[in-house]
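*Asks:* One file is attached below, input32.txt, containing compact mmCIF, C-alpha atoms and all ligand atoms.
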```
# COMPACT_ATOMS: atom_id res chain seq x y z
CA MET M 1442 7.33 -29.65 0.85
CA PRO M 1443 4.44 -31.10 2.91
CA VAL M 1444 1.29 -29.00 3.26
CA PRO M 1445 1.05 -27.60 6.80
CA ALA M 1446 -1.64 -29.33 8.88
CA TRP M 1447 -3.65 -26.11 9.43
CA LEU M 1448 -3.89 -25.47 5.70
CA GLN M 1449 -4.68 -29.09 4.89
CA GLN M 1450 -7.59 -28.98 7.38
CA ARG M 1451 -8.94 -25.75 5.90
CA LEU M 1452 -8.73 -26.99 2.33
CA GLU M 1453 -10.41 -30.28 3.27
CA ALA M 1454 -13.15 -28.38 5.08
CA ALA M 1455 -13.62 -26.25 1.93
CA GLY M 1456 -14.04 -29.37 -0.25
CA GLY M 1457 -10.42 -29.62 -1.44
CA SER M 1458 -9.92 -26.25 -3.13
CA VAL M 1459 -10.35 -22.50 -2.59
CA PRO M 1460 -10.03 -19.44 -4.87
CA PHE M 1461 -6.47 -18.08 -4.92
CA ALA M 1462 -7.52 -14.90 -3.04
CA ARG M 1463 -8.74 -16.92 -0.06
CA TYR M 1464 -5.44 -18.86 0.05
CA MET M 1465 -3.40 -15.61 -0.18
CA ASP M 1466 -5.44 -14.04 2.60
CA TRP M 1467 -4.81 -17.04 4.88
CA ALA M 1468 -1.11 -17.20 4.02
CA LEU M 1469 -0.59 -13.52 4.82
CA HIS M 1470 -3.19 -12.51 7.39
CA ASP M 1471 -4.31 -15.54 9.36
CA PRO M 1472 -3.78 -14.37 12.97
CA GLU M 1473 -2.05 -17.60 13.95
CA HIS M 1474 -0.44 -18.91 10.76
CA GLY M 1475 -0.19 -15.92 8.39
CA ALA M 1476 3.14 -14.30 7.56
CA TYR M 1477 1.92 -10.84 8.70
CA GLY M 1478 -0.82 -12.07 11.01
CA ALA M 1479 1.66 -13.94 13.19
CA GLY M 1480 4.18 -11.07 12.89
CA ARG M 1481 6.66 -13.42 11.24
CA LEU M 1482 7.87 -11.18 8.42
CA ARG M 1483 10.67 -8.71 9.17
CA ILE M 1484 11.11 -5.59 7.05
CA GLY M 1485 14.55 -4.08 6.53
CA ARG M 1486 18.01 -4.69 5.06
CA HIS M 1487 18.51 -7.67 7.40
CA GLY M 1488 14.91 -8.85 7.28
CA ASP M 1489 12.81 -10.54 4.61
CA PHE M 1490 12.65 -7.54 2.27
CA ALA M 1491 13.52 -3.85 2.35
CA THR M 1492 11.16 -0.93 1.79
CA ALA M 1493 12.03 2.74 1.29
CA PRO M 1494 11.60 3.76 4.96
CA SER M 1495 13.67 0.80 6.11
CA LEU M 1496 16.68 2.20 4.19
CA GLY M 1497 16.94 5.22 6.50
CA ALA M 1498 15.14 8.41 7.50
CA ASP M 1499 15.70 10.36 4.27
CA PHE M 1500 12.59 9.02 2.55
CA ALA M 1501 10.40 10.23 5.42
CA GLY M 1502 12.40 13.46 5.63
CA LEU M 1503 11.48 14.25 2.01
CA LEU M 1504 7.88 13.03 2.24
CA ALA M 1505 7.36 15.14 5.39
CA ALA M 1506 7.30 18.35 3.29
CA GLN M 1507 4.39 16.99 1.25
CA VAL M 1508 2.53 15.73 4.31
CA ALA M 1509 3.07 19.07 6.09
CA GLN M 1510 1.75 21.00 3.11
CA TRP M 1511 -1.37 18.86 2.94
CA LEU M 1512 -1.94 19.13 6.70
CA LYS M 1513 -1.58 22.92 6.47
CA GLU M 1514 -4.09 23.07 3.61
CA LEU M 1515 -6.52 20.96 5.63
CA ALA M 1516 -6.03 23.19 8.67
CA LEU M 1517 -6.93 26.21 6.54
CA ASP M 1518 -9.83 24.51 4.75
CA PRO M 1519 -13.14 25.64 6.34
CA PRO M 1520 -14.27 22.75 8.53
CA THR M 1521 -17.62 21.25 7.63
CA GLN M 1522 -20.37 22.10 10.07
CA ASP M 1523 -21.10 18.68 11.45
CA THR M 1524 -21.32 17.65 15.06
CA SER M 1525 -18.22 15.45 14.94
CA SER M 1526 -16.06 18.45 13.97
CA GLN M 1527 -17.34 20.36 17.02
CA GLU M 1528 -16.72 17.36 19.22
CA ILE M 1529 -13.14 16.80 18.19
CA GLY M 1530 -12.21 20.47 17.83
CA SER M 1531 -11.72 22.09 14.46
CA SER M 1532 -7.94 22.43 14.79
CA ARG M 1533 -7.15 18.75 15.38
CA LEU M 1534 -5.41 16.95 12.51
CA SER M 1535 -4.50 13.30 12.04
CA LEU M 1536 -1.69 11.62 10.18
CA ILE M 1537 -2.96 8.11 9.56
CA GLU M 1538 -0.61 5.38 8.39
CA THR M 1539 -2.12 2.14 7.17
CA GLY M 1540 0.02 -1.00 7.17
CA PRO M 1541 2.90 0.55 9.12
CA GLY M 1542 5.10 -2.58 9.04
CA GLU M 1543 7.93 -2.05 11.54
CA GLY M 1544 6.68 1.49 12.35
CA ASP M 1545 9.75 3.10 10.74
CA LEU M 1546 7.91 5.50 8.44
CA ALA M 1547 5.52 6.62 11.19
CA GLY M 1548 8.37 7.23 13.64
CA GLN M 1549 10.53 9.03 11.12
CA LEU M 1550 7.69 11.23 9.86
CA ALA M 1551 6.68 12.15 13.41
CA ALA M 1552 10.28 13.22 14.12
CA ALA M 1553 10.53 15.19 10.86
CA LEU M 1554 7.23 17.02 11.50
CA VAL M 1555 8.16 17.96 15.06
CA ASP M 1556 11.54 19.16 13.83
CA GLY M 1557 10.46 21.08 10.73
CA TRP M 1558 6.86 22.13 11.45
CA PRO M 1559 6.52 22.30 15.25
CA LEU M 1560 3.29 24.35 15.25
CA LEU M 1561 1.62 21.92 12.89
CA ALA M 1562 2.97 18.94 14.83
CA ALA M 1563 1.49 20.40 18.01
CA CYS M 1564 -2.03 19.86 16.68
CA THR M 1565 -1.36 16.54 14.88
CA GLU M 1566 -1.85 13.03 16.18
CA LEU M 1567 -0.53 9.83 14.64
CA VAL M 1568 -3.08 7.07 14.01
CA LEU M 1569 -1.91 3.62 12.93
CA VAL M 1570 -4.24 1.19 11.17
CA GLU M 1571 -2.77 -2.31 11.35
CA PRO M 1572 -5.07 -5.35 11.29
CA ASN M 1573 -2.30 -7.85 12.07
CA ALA M 1574 -1.69 -8.12 15.82
CA GLY M 1575 1.78 -9.58 15.36
CA MET M 1576 2.92 -6.49 13.41
CA ALA M 1577 1.13 -4.03 15.73
CA ALA M 1578 3.08 -5.45 18.71
CA ARG M 1579 6.39 -4.53 17.04
CA GLN M 1580 5.09 -1.09 16.03
CA ARG M 1581 4.22 -0.38 19.68
CA GLN M 1582 7.82 -1.13 20.68
CA ARG M 1583 9.30 0.96 17.86
CA LEU M 1584 7.07 3.94 18.66
CA GLU M 1585 7.48 3.94 22.45
CA ASP M 1586 9.26 7.31 22.28
CA CYS M 1587 7.24 8.78 19.41
CA PRO M 1588 7.20 12.58 19.71
CA LEU M 1589 3.56 12.79 18.55
CA PRO M 1590 0.54 11.37 20.38
CA VAL M 1591 0.02 7.94 18.81
CA ARG M 1592 -2.84 5.45 18.88
CA TRP M 1593 -3.85 2.31 16.98
CA SER M 1594 -7.29 2.01 15.49
CA SER M 1595 -9.27 0.42 12.65
CA PHE M 1596 -11.14 2.08 9.81
CA GLU M 1597 -14.37 0.77 11.34
CA GLU M 1598 -13.65 2.43 14.70
CA LEU M 1599 -12.56 5.67 13.06
CA ALA M 1600 -15.74 5.79 10.96
CA ALA M 1601 -17.73 6.42 14.16
CA ARG M 1602 -15.87 9.77 14.56
CA PRO M 1603 -14.25 10.46 11.18
CA LEU M 1604 -10.98 12.39 11.09
CA ARG M 1605 -9.51 15.31 9.19
CA GLY M 1606 -6.10 14.40 7.95
CA VAL M 1607 -3.71 12.64 5.63
CA VAL M 1608 -3.70 8.87 5.06
CA LEU M 1609 -0.52 7.15 3.91
CA ALA M 1610 -0.68 3.74 2.26
CA HIS M 1611 2.96 2.85 1.62
CA GLU M 1612 3.38 -0.67 0.24
CA VAL M 1613 0.19 -1.87 1.87
CA LEU M 1614 -2.31 -2.29 -0.97
CA ASP M 1615 0.04 -4.83 -2.55
CA ALA M 1616 -0.61 -7.01 0.51
CA LEU M 1617 -4.36 -7.22 -0.21
CA ALA M 1618 -5.31 -10.65 -1.53
CA VAL M 1619 -5.60 -10.80 -5.32
CA GLU M 1620 -7.80 -13.04 -7.42
CA ARG M 1621 -6.07 -14.87 -10.25
CA ILE M 1622 -7.68 -15.72 -13.57
CA VAL M 1623 -6.45 -18.14 -16.22
CA SER M 1624 -7.22 -18.18 -19.92
CA SER M 1625 -8.76 -21.34 -21.31
CA GLY M 1626 -8.25 -19.97 -24.81
CA ALA M 1627 -11.94 -19.21 -25.34
CA GLY M 1628 -12.77 -17.74 -21.91
CA TRP M 1629 -11.59 -16.98 -18.38
CA ARG M 1630 -11.48 -19.27 -15.38
CA GLN M 1631 -10.86 -18.43 -11.76
CA GLN M 1632 -7.62 -19.96 -10.47
CA LEU M 1633 -7.96 -22.30 -7.49
CA VAL M 1634 -5.51 -23.63 -4.93
CA THR M 1635 -6.21 -27.34 -4.60
CA LEU M 1636 -5.02 -30.16 -2.42
CA GLN M 1637 -3.99 -33.16 -4.52
CA GLN M 1638 -2.42 -36.23 -2.93
CA GLY M 1639 -0.95 -34.19 -0.10
CA THR M 1640 0.48 -31.38 -2.26
CA LEU M 1641 -0.75 -27.93 -3.26
CA ARG M 1642 -1.52 -27.19 -6.90
CA LEU M 1643 -2.75 -24.21 -8.89
CA GLU M 1644 -5.66 -25.34 -11.08
CA PRO M 1645 -8.20 -23.53 -13.25
CA GLY M 1646 -11.68 -23.62 -11.73
CA GLY M 1647 -15.02 -23.06 -13.39
CA PRO M 1648 -15.67 -20.35 -16.02
CA LEU M 1649 -16.10 -16.79 -14.73
CA GLU M 1650 -19.71 -15.68 -14.34
CA PRO M 1651 -20.75 -13.45 -17.28
CA ALA M 1652 -21.00 -10.39 -14.97
CA ALA M 1653 -17.46 -10.96 -13.67
CA ALA M 1654 -16.14 -11.52 -17.20
CA ALA M 1655 -17.80 -8.28 -18.38
CA ARG M 1656 -15.88 -6.32 -15.73
CA LEU M 1657 -12.63 -7.33 -17.46
CA GLN M 1658 -13.50 -5.41 -20.62
CA PRO M 1659 -12.23 -1.98 -19.42
CA LEU M 1660 -8.91 -3.62 -18.57
CA GLY M 1661 -8.52 -4.90 -22.13
CA LEU M 1662 -8.97 -8.51 -21.04
CA GLN M 1663 -12.06 -9.68 -22.88
CA PRO M 1664 -12.12 -12.11 -24.61
CA PRO M 1665 -8.75 -13.88 -24.16
CA GLY M 1666 -8.28 -14.72 -27.86
CA GLU M 1667 -5.08 -15.84 -29.54
CA GLN M 1668 -2.84 -13.37 -27.74
CA ARG M 1669 -3.63 -14.92 -24.38
CA PRO M 1670 -3.37 -18.67 -25.01
CA PRO M 1671 -4.54 -21.39 -22.59
CA GLY M 1672 -2.64 -21.08 -19.30
CA TRP M 1673 -2.06 -17.30 -19.61
CA CYS M 1674 -2.65 -16.01 -16.11
CA THR M 1675 -3.00 -12.68 -14.33
CA GLU M 1676 -4.38 -10.97 -11.23
CA LEU M 1677 -7.45 -8.91 -10.38
CA HIS M 1678 -7.78 -6.67 -7.32
CA PRO M 1679 -11.22 -7.20 -5.73
CA GLY M 1680 -9.97 -5.95 -2.34
CA LEU M 1681 -9.28 -2.39 -3.48
CA GLU M 1682 -12.80 -0.99 -3.52
CA PRO M 1683 -13.83 -2.24 -0.04
CA TRP M 1684 -10.51 -0.99 1.36
CA LEU M 1685 -10.91 2.46 -0.24
CA ALA M 1686 -14.52 2.70 0.91
CA ALA M 1687 -13.56 1.81 4.50
CA CYS M 1688 -10.65 4.25 4.41
CA GLY M 1689 -12.93 6.99 3.03
CA ALA M 1690 -15.52 6.42 5.75
CA ALA M 1691 -12.77 7.01 8.34
CA LEU M 1692 -12.11 10.52 6.99
CA ARG M 1693 -14.35 13.56 7.30
CA CYS M 1694 -12.01 15.27 4.86
CA GLY M 1695 -8.48 14.71 3.77
CA ARG M 1696 -5.96 13.28 1.38
CA LEU M 1697 -4.76 9.78 0.65
CA LEU M 1698 -1.33 8.99 -0.74
CA VAL M 1699 -0.85 5.51 -2.20
CA VAL M 1700 2.76 4.51 -2.86
CA ASP M 1701 3.31 1.12 -4.44
CA TYR M 1702 4.51 -0.92 -7.37
CA ALA M 1703 1.83 -0.22 -9.97
CA LEU M 1704 1.30 -0.51 -13.71
CA GLU M 1705 -1.23 0.93 -16.14
CA ALA M 1706 -3.75 -1.70 -17.32
CA TRP M 1707 -2.23 -1.78 -20.80
CA ARG M 1708 1.13 -2.71 -19.30
CA TYR M 1709 -0.24 -4.99 -16.56
CA TYR M 1710 -2.36 -7.03 -18.93
CA ALA M 1711 -0.04 -6.92 -21.95
CA PRO M 1712 -0.06 -10.31 -23.75
CA GLN M 1713 3.64 -10.88 -23.05
CA ARG M 1714 3.10 -10.67 -19.25
CA SER M 1715 1.83 -14.23 -19.20
CA ASN M 1716 2.04 -14.92 -15.46
CA GLY M 1717 0.97 -11.65 -13.86
CA THR M 1718 3.12 -9.90 -11.26
CA LEU M 1719 2.68 -12.11 -8.20
CA MET M 1720 5.92 -12.74 -6.29
CA ALA M 1721 6.96 -14.22 -2.97
CA TYR M 1722 9.71 -12.75 -0.75
CA ARG M 1723 11.55 -14.10 2.25
CA GLY M 1724 15.07 -13.62 3.62
CA GLN M 1725 15.91 -11.18 0.76
CA GLN M 1726 15.08 -13.97 -1.75
CA ALA M 1727 12.43 -13.64 -4.45
CA SER M 1728 10.39 -16.56 -5.77
CA SER M 1729 7.62 -16.88 -8.33
CA ASP M 1730 6.11 -19.86 -6.45
CA PRO M 1731 3.25 -18.64 -4.23
CA LEU M 1732 2.63 -22.12 -2.82
CA ALA M 1733 5.99 -22.69 -1.11
CA ASP M 1734 5.89 -22.83 2.70
CA PRO M 1735 2.58 -20.94 3.13
CA GLY M 1736 2.60 -18.43 5.98
CA HIS M 1737 6.37 -17.91 5.85
CA TRP M 1738 6.73 -15.83 2.66
CA ASP M 1739 5.44 -12.39 1.77
CA LEU M 1740 3.09 -12.65 -1.23
CA THR M 1741 2.66 -9.48 -3.22
CA ALA M 1742 1.21 -8.34 -6.54
CA HIS M 1743 1.54 -4.98 -8.29
CA LEU M 1744 -1.42 -2.62 -8.34
CA CYS M 1745 -3.25 -1.91 -11.58
CA ILE M 1746 -3.47 1.90 -11.79
CA ASP M 1747 -6.72 1.89 -13.80
CA SER M 1748 -8.37 -0.47 -11.29
CA LEU M 1749 -7.13 1.62 -8.36
CA VAL M 1750 -8.38 4.90 -9.85
CA ALA M 1751 -11.77 3.36 -10.76
CA ALA M 1752 -12.16 1.85 -7.26
CA ALA M 1753 -11.19 5.17 -5.65
CA SER M 1754 -13.68 7.09 -7.76
CA ALA M 1755 -16.44 4.57 -6.93
CA SER M 1756 -15.65 5.12 -3.22
CA GLY M 1757 -15.87 8.92 -3.37
CA TRP M 1758 -12.19 9.85 -3.79
CA GLN M 1759 -11.04 12.44 -6.35
CA LEU M 1760 -7.73 11.75 -8.05
CA LEU M 1761 -5.39 14.71 -7.50
CA GLY M 1762 -2.53 13.33 -9.56
CA GLN M 1763 0.09 10.66 -9.95
CA CYS M 1764 3.74 10.32 -10.80
CA ARG M 1765 6.74 8.06 -10.36
CA GLN M 1766 8.51 8.06 -7.00
CA GLY M 1767 11.75 9.31 -8.56
CA GLU M 1768 9.98 12.42 -9.89
CA ALA M 1769 8.15 12.98 -6.60
CA LEU M 1770 11.27 12.77 -4.47
CA LEU M 1771 13.28 15.00 -6.81
CA ALA M 1772 10.48 17.60 -6.65
CA LEU M 1773 10.60 17.33 -2.86
CA GLY M 1774 14.34 18.10 -2.72
CA LEU M 1775 16.22 14.82 -3.04
CA ALA M 1776 19.01 16.29 -5.19
CA GLU M 1777 19.60 19.11 -2.68
CA ARG M 1778 19.69 16.58 0.15
CA LEU M 1779 22.21 14.47 -1.77
CA HIS M 1780 24.36 17.53 -2.44
CA GLY M 1781 24.09 18.59 1.21
CA LEU M 1782 25.61 15.32 2.43
CA GLN M 1783 29.11 16.59 1.64
CA HIS M 1784 28.64 19.47 4.12
CA GLN M 1785 27.34 17.29 6.96
CA GLY M 1786 29.57 17.69 9.97
CA GLY M 1787 29.64 15.08 12.71
CA ALA M 1788 28.59 12.09 10.61
CA GLY M 1789 31.11 9.36 9.83
CA LEU M 1790 32.10 8.51 6.26
CA GLY M 1791 30.37 5.11 6.45
CA GLU M 1792 27.08 6.69 7.48
CA LEU M 1793 27.28 9.32 4.73
CA LEU M 1794 28.01 6.70 2.07
CA ALA M 1795 25.07 4.58 3.28
CA ARG M 1796 22.74 7.61 3.07
CA ARG M 1797 24.06 8.45 -0.39
CA GLU M 1798 23.43 4.89 -1.57
CA ALA M 1799 19.91 4.88 -0.08
CA LEU M 1800 19.02 8.22 -1.70
CA LEU M 1801 20.20 6.95 -5.09
CA ARG M 1802 18.18 3.73 -4.67
CA LEU M 1803 15.05 5.78 -3.98
CA VAL M 1804 15.22 7.43 -7.41
CA ASP M 1805 16.75 4.61 -9.41
CA PRO M 1806 14.25 4.06 -12.28
CA ALA M 1807 15.13 0.35 -12.29
CA ALA M 1808 14.29 0.03 -8.57
CA LEU M 1809 12.37 2.13 -6.02
CA GLY M 1810 12.27 5.17 -8.33
CA ASP M 1811 9.70 3.35 -10.47
CA PHE M 1812 7.18 3.11 -7.60
CA ARG M 1813 4.03 5.13 -8.26
CA TRP M 1814 2.63 7.87 -6.07
CA LEU M 1815 -1.11 8.45 -6.47
CA ALA M 1816 -2.83 11.18 -4.46
CA PHE M 1817 -6.56 11.42 -3.79
CA ALA M 1818 -8.79 13.88 -1.90
CA ARG M 1819 -12.23 13.76 -0.33
CA GLY M 1820 -14.54 16.01 1.64
CA GLU M 1821 -12.64 19.26 1.21
CA SER M 1822 -14.18 22.45 -0.07
CA GLY M 1823 -13.19 22.47 -3.74
CA ALA M 1824 -11.97 18.86 -3.72
CA ASP M 1825 -14.73 17.93 -6.14
CA GLN M 1826 -13.12 20.23 -8.69
CA ALA M 1827 -10.09 17.89 -8.59
CA GLN M 1828 -7.81 20.85 -9.22
CA PRO M 1829 -5.32 22.04 -6.62
CA ARG M 1830 -5.97 25.73 -5.82
CA SER M 1831 -3.21 28.19 -6.67
CA GLY M 1832 -0.76 28.64 -3.82
CA ASP M 1833 -1.41 25.18 -2.43
CA THR M 1834 -0.39 23.04 -5.34
CA PRO M 1835 0.82 19.74 -3.96
CA LEU M 1836 4.56 19.64 -4.34
CA PHE M 1837 5.04 16.50 -6.38
CA LEU M 1838 1.95 16.30 -8.49
CA ALA M 1839 2.04 15.96 -12.25
CA GLU M 1840 -1.05 16.07 -14.43
CA PRO M 1841 -2.97 12.78 -14.28
CA ALA M 1842 -1.86 10.56 -17.19
C1 LIG S 1901 4.82 -4.60 3.00
S1 LIG S 1901 4.40 -4.15 4.62
C2 LIG S 1901 4.65 -2.41 4.47
C3 LIG S 1901 5.21 -1.80 5.70
C4 LIG S 1901 5.51 -0.32 5.67
N1 LIG S 1901 4.41 0.46 5.15
C5 LIG S 1901 6.77 -0.07 4.92
O1 LIG S 1901 6.71 0.40 3.80
O2 LIG S 1901 7.85 -0.35 5.47
C6 LIG S 1901 2.64 -4.33 4.66
C7 LIG S 1901 2.00 -3.89 5.97
O3 LIG S 1901 0.59 -3.77 5.77
C8 LIG S 1901 -0.10 -4.48 6.78
N2 LIG S 1901 -1.42 -4.84 6.22
C9 LIG S 1901 -1.79 -5.91 5.53
N3 LIG S 1901 -3.09 -5.84 5.15
C10 LIG S 1901 -3.55 -4.66 5.61
C11 LIG S 1901 -4.81 -3.98 5.55
N4 LIG S 1901 -5.86 -4.54 4.96
N5 LIG S 1901 -4.92 -2.77 6.12
C12 LIG S 1901 -3.87 -2.19 6.73
N6 LIG S 1901 -2.64 -2.79 6.83
C13 LIG S 1901 -2.50 -4.00 6.29
C14 LIG S 1901 0.83 -5.62 7.10
O4 LIG S 1901 0.54 -6.25 8.32
C15 LIG S 1901 2.16 -4.85 7.12
O5 LIG S 1901 2.31 -4.13 8.32
```
Any chance you could give the structure as structure tokens?

*Replies:*
Amino acid sequence: MPVPAWLQQRLEAAGGSVPFARYMDWALHDPEHGAYGAGRLRIGRHGDFATAPSLGADFAGLLAAQVAQWLKELALDPPTQDTSSQEIGSSRLSLIETGPGEGDLAGQLAAALVDGWPLLAACTELVLVEPNAGMAARQRQRLEDCPLPVRWSSFEELAARPLRGVVLAHEVLDALAVERIVSSGAGWRQQLVTLQQGTLRLEPGGPLEPAAAARLQPLGLQPPGEQRPPGWCTELHPGLEPWLAACGAALRCGRLLVVDYALEAWRYYAPQRSNGTLMAYRGQQASSDPLADPGHWDLTAHLCIDSLVAAASASGWQLLGQCRQGEALLALGLAERLHGLQHQGGAGLGELLARREALLRLVDPAALGDFRWLAFARGESGADQAQPRSGDTPLFLAEPA
């Protein structure tokens, strides 16, 4: 497939090659040509790929109990005595969704909060953080009738008047550009995307700087050795720490829930995983070729749990706990909801069967049930103790692994 003219021009201007992360960022987030930037990707059963909220409202219905509990705890937490808290009023709470995609999760959560926790909903606003204008335009349409006050903002804007609330990052951190490294047998090289005779190629670049190579040690990646022969390739996540720092600066106090495909470092960087986790998705098809038709495919890599937790800690977040999505949703009442379907009056058989199938997919350990939930806190009284207080134990949390 020919290289699109815009990409050819950029690569030529860059001297013929760029690090993989720069290419991935262009392919996803370029405002004119990127798959998200141009609003090209569609999320849902009939779109490019499905996510949990796009399967129906049950995911949000279950998550709402956790969000409501956290919002209640924040409402009861003594507000810090800073001027911004007096300005915005101590009772105001924010539910912030980053990377809202089609806006399904935000809309469904708003409805579930208003329905189940009306008093809490009355003092809660919805804030959407979406850097891609093409996606934000569709979210505005989807949320026209949102029952909560809703606004769009950026972490940078919010940092000027930080909020008290809950941040949700559902399948968004996997859209941050990853760096790829390749073993040369004796050392590590950064992977480049190069233009060669009119086609795109993945090529090893120069050796990693010693400081960068030293940072691989805690991940079990130094030195490559025999187990990671020449050509063995994986991903690093340099975008996590800046993202977590910017997100943290937007919050005076609150919680962050990250939900994503994620693996512990020992699994992520196991010798047998010789080509990382990077995948491309489009039209419900999966491909391992990240160079095909740039700007028209979703590119996504798993998170490394150790890297995420280290980046969060370096940005002032305390890990509250983590577990698999299947465990979280069962703790939040998925089995009861499934059982309750048989007593639902008014709904047609087709609708009930679709909900049953979606609920089972959410906990299937071979599918969405294997997603990880990681919860973090910052700025609350007692948050530095990293222990939930009795009576307000988050509903899903297991002990950190
Ligand atoms: C895979 S979609 C997830 C959509 C939605 N959360 C869901 O689960 O259905 C990724 C979303 O994150 C947005 N996004 C990408 N980079 C982002 C960033 N740095 N901050 C916030 N959102 C981002 C994309 O534009 C898109 O809306």

*Asks:* Taking every listed atom of ligand LIG 1901 (chain S) and adding 3 Å to each side, what centre and edge lengths in Å (one decimal) does the axis-aligned box have, as AutoDock Vina command-line options?

*Replies:*
```
--center_x 1.0 --center_y -2.9 --center_z 5.7 --size_x 19.7 --size_y 12.7 --size_z 11.3
```

*Asks:* Tell me, in Å to one decimal, how far atom O2 of ligand LIG 1901 (chain S) is from CA of Val1613 (chain M).

*Replies:* 8.6 Å

*Asks:* Please determine, counting only C-alpha atoms, which residue among M:Ala1742, M:Leu1503, M:Ala1552, M:Val1608 has the shortest atom-to-atom distance to Glu1777 (chain M).

*Replies:*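 Among the listed residues, the smallest separation from Glu1777 (chain M) belongs to M:Leu1503.
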
*Asks:* Just checking: using all atoms listed in the file, which residue out of M:Ala1618, M:Ala1627, M:Ala1655, M:Ala1808 ends up closest to ligand LIG 1901 (chain S)?

*Replies:* M:Ala1618

*Asks:* Which residues come within 10 Å of Val1444 (chain M), counting all atoms listed in the file, excluding same-chain residues fewer than 6 positions away, as an mmCIF file with C-alpha atoms, in the frame of the given file?

*Replies:*
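Generated output (selection_36.cif):
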```cif
data_model
loop_
_atom_site.group_PDB
_atom_site.id
_atom_site.type_symbol
_atom_site.label_atom_id
_atom_site.label_comp_id
_atom_site.auth_asym_id
_atom_site.auth_seq_id
_atom_site.Cartn_x
_atom_site.Cartn_y
_atom_site.Cartn_z
ATOM 1 C CA GLN M 1450 -7.590 -28.980 7.380
ATOM 2 C CA LEU M 1636 -5.020 -30.160 -2.420
ATOM 3 C CA GLY M 1639 -0.950 -34.190 -0.100
ATOM 4 C CA THR M 1640 0.480 -31.380 -2.260
ATOM 5 C CA LEU M 1641 -0.750 -27.930 -3.260
ATOM 6 C CA LEU M 1732 2.630 -22.120 -2.820
ATOM 7 C CA ALA M 1733 5.990 -22.690 -1.110
ATOM 8 C CA ASP M 1734 5.890 -22.830 2.700
ATOM 9 C CA PRO M 1735 2.580 -20.940 3.130
#
```

*Asks:* List as CSV every residue of chain M that is in contact with ligand LIG 1901 (chain S), defined as an atom at most 6 Å from one of its atoms (using all atoms listed in the file), together with the nearest atom pair and the distance in Å rounded to one decimal, sorted by chain and then rising number.

*Replies:*
```
residue,atom,partner,partner_atom,distance
M:Tyr1477,CA,S:LIG1901,O4,4.8
M:Thr1492,CA,S:LIG1901,O2,5.0
M:Pro1494,CA,S:LIG1901,O2,5.6
M:Ser1495,CA,S:LIG1901,O2,6.0
M:Thr1539,CA,S:LIG1901,C12,4.7
M:Gly1540,CA,S:LIG1901,O3,3.2
M:Pro1541,CA,S:LIG1901,N1,4.2
M:Gly1542,CA,S:LIG1901,O5,3.3
M:Val1570,CA,S:LIG1901,C12,5.6
M:Glu1571,CA,S:LIG1901,N6,4.5
M:Pro1572,CA,S:LIG1901,C12,5.7
M:Asn1573,CA,S:LIG1901,O4,5.0
M:Met1576,CA,S:LIG1901,O4,5.6
M:His1611,CA,S:LIG1901,N1,4.5
M:Glu1612,CA,S:LIG1901,C2,4.7
M:Val1613,CA,S:LIG1901,O3,4.4
M:Ala1616,CA,S:LIG1901,C9,5.3
M:Leu1617,CA,S:LIG1901,N3,5.7
```

*Asks:* Looking at all atoms listed in the file, which of M:Pro1445, M:Gly1606, M:Gly1488, M:Gly1757 is the one that sits closest to Gln1510 (chain M)?

*Replies:*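 Smallest separation from Gln1510 (chain M) among the options: M:Gly1606.
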
*Asks:* Dig up all the protein and nucleic acid residues within 12 Å of (-12.6, -1.5, -21.0) in the file frame, using all atoms listed in the file, and format them as a count of residues only.

*Replies:* 17
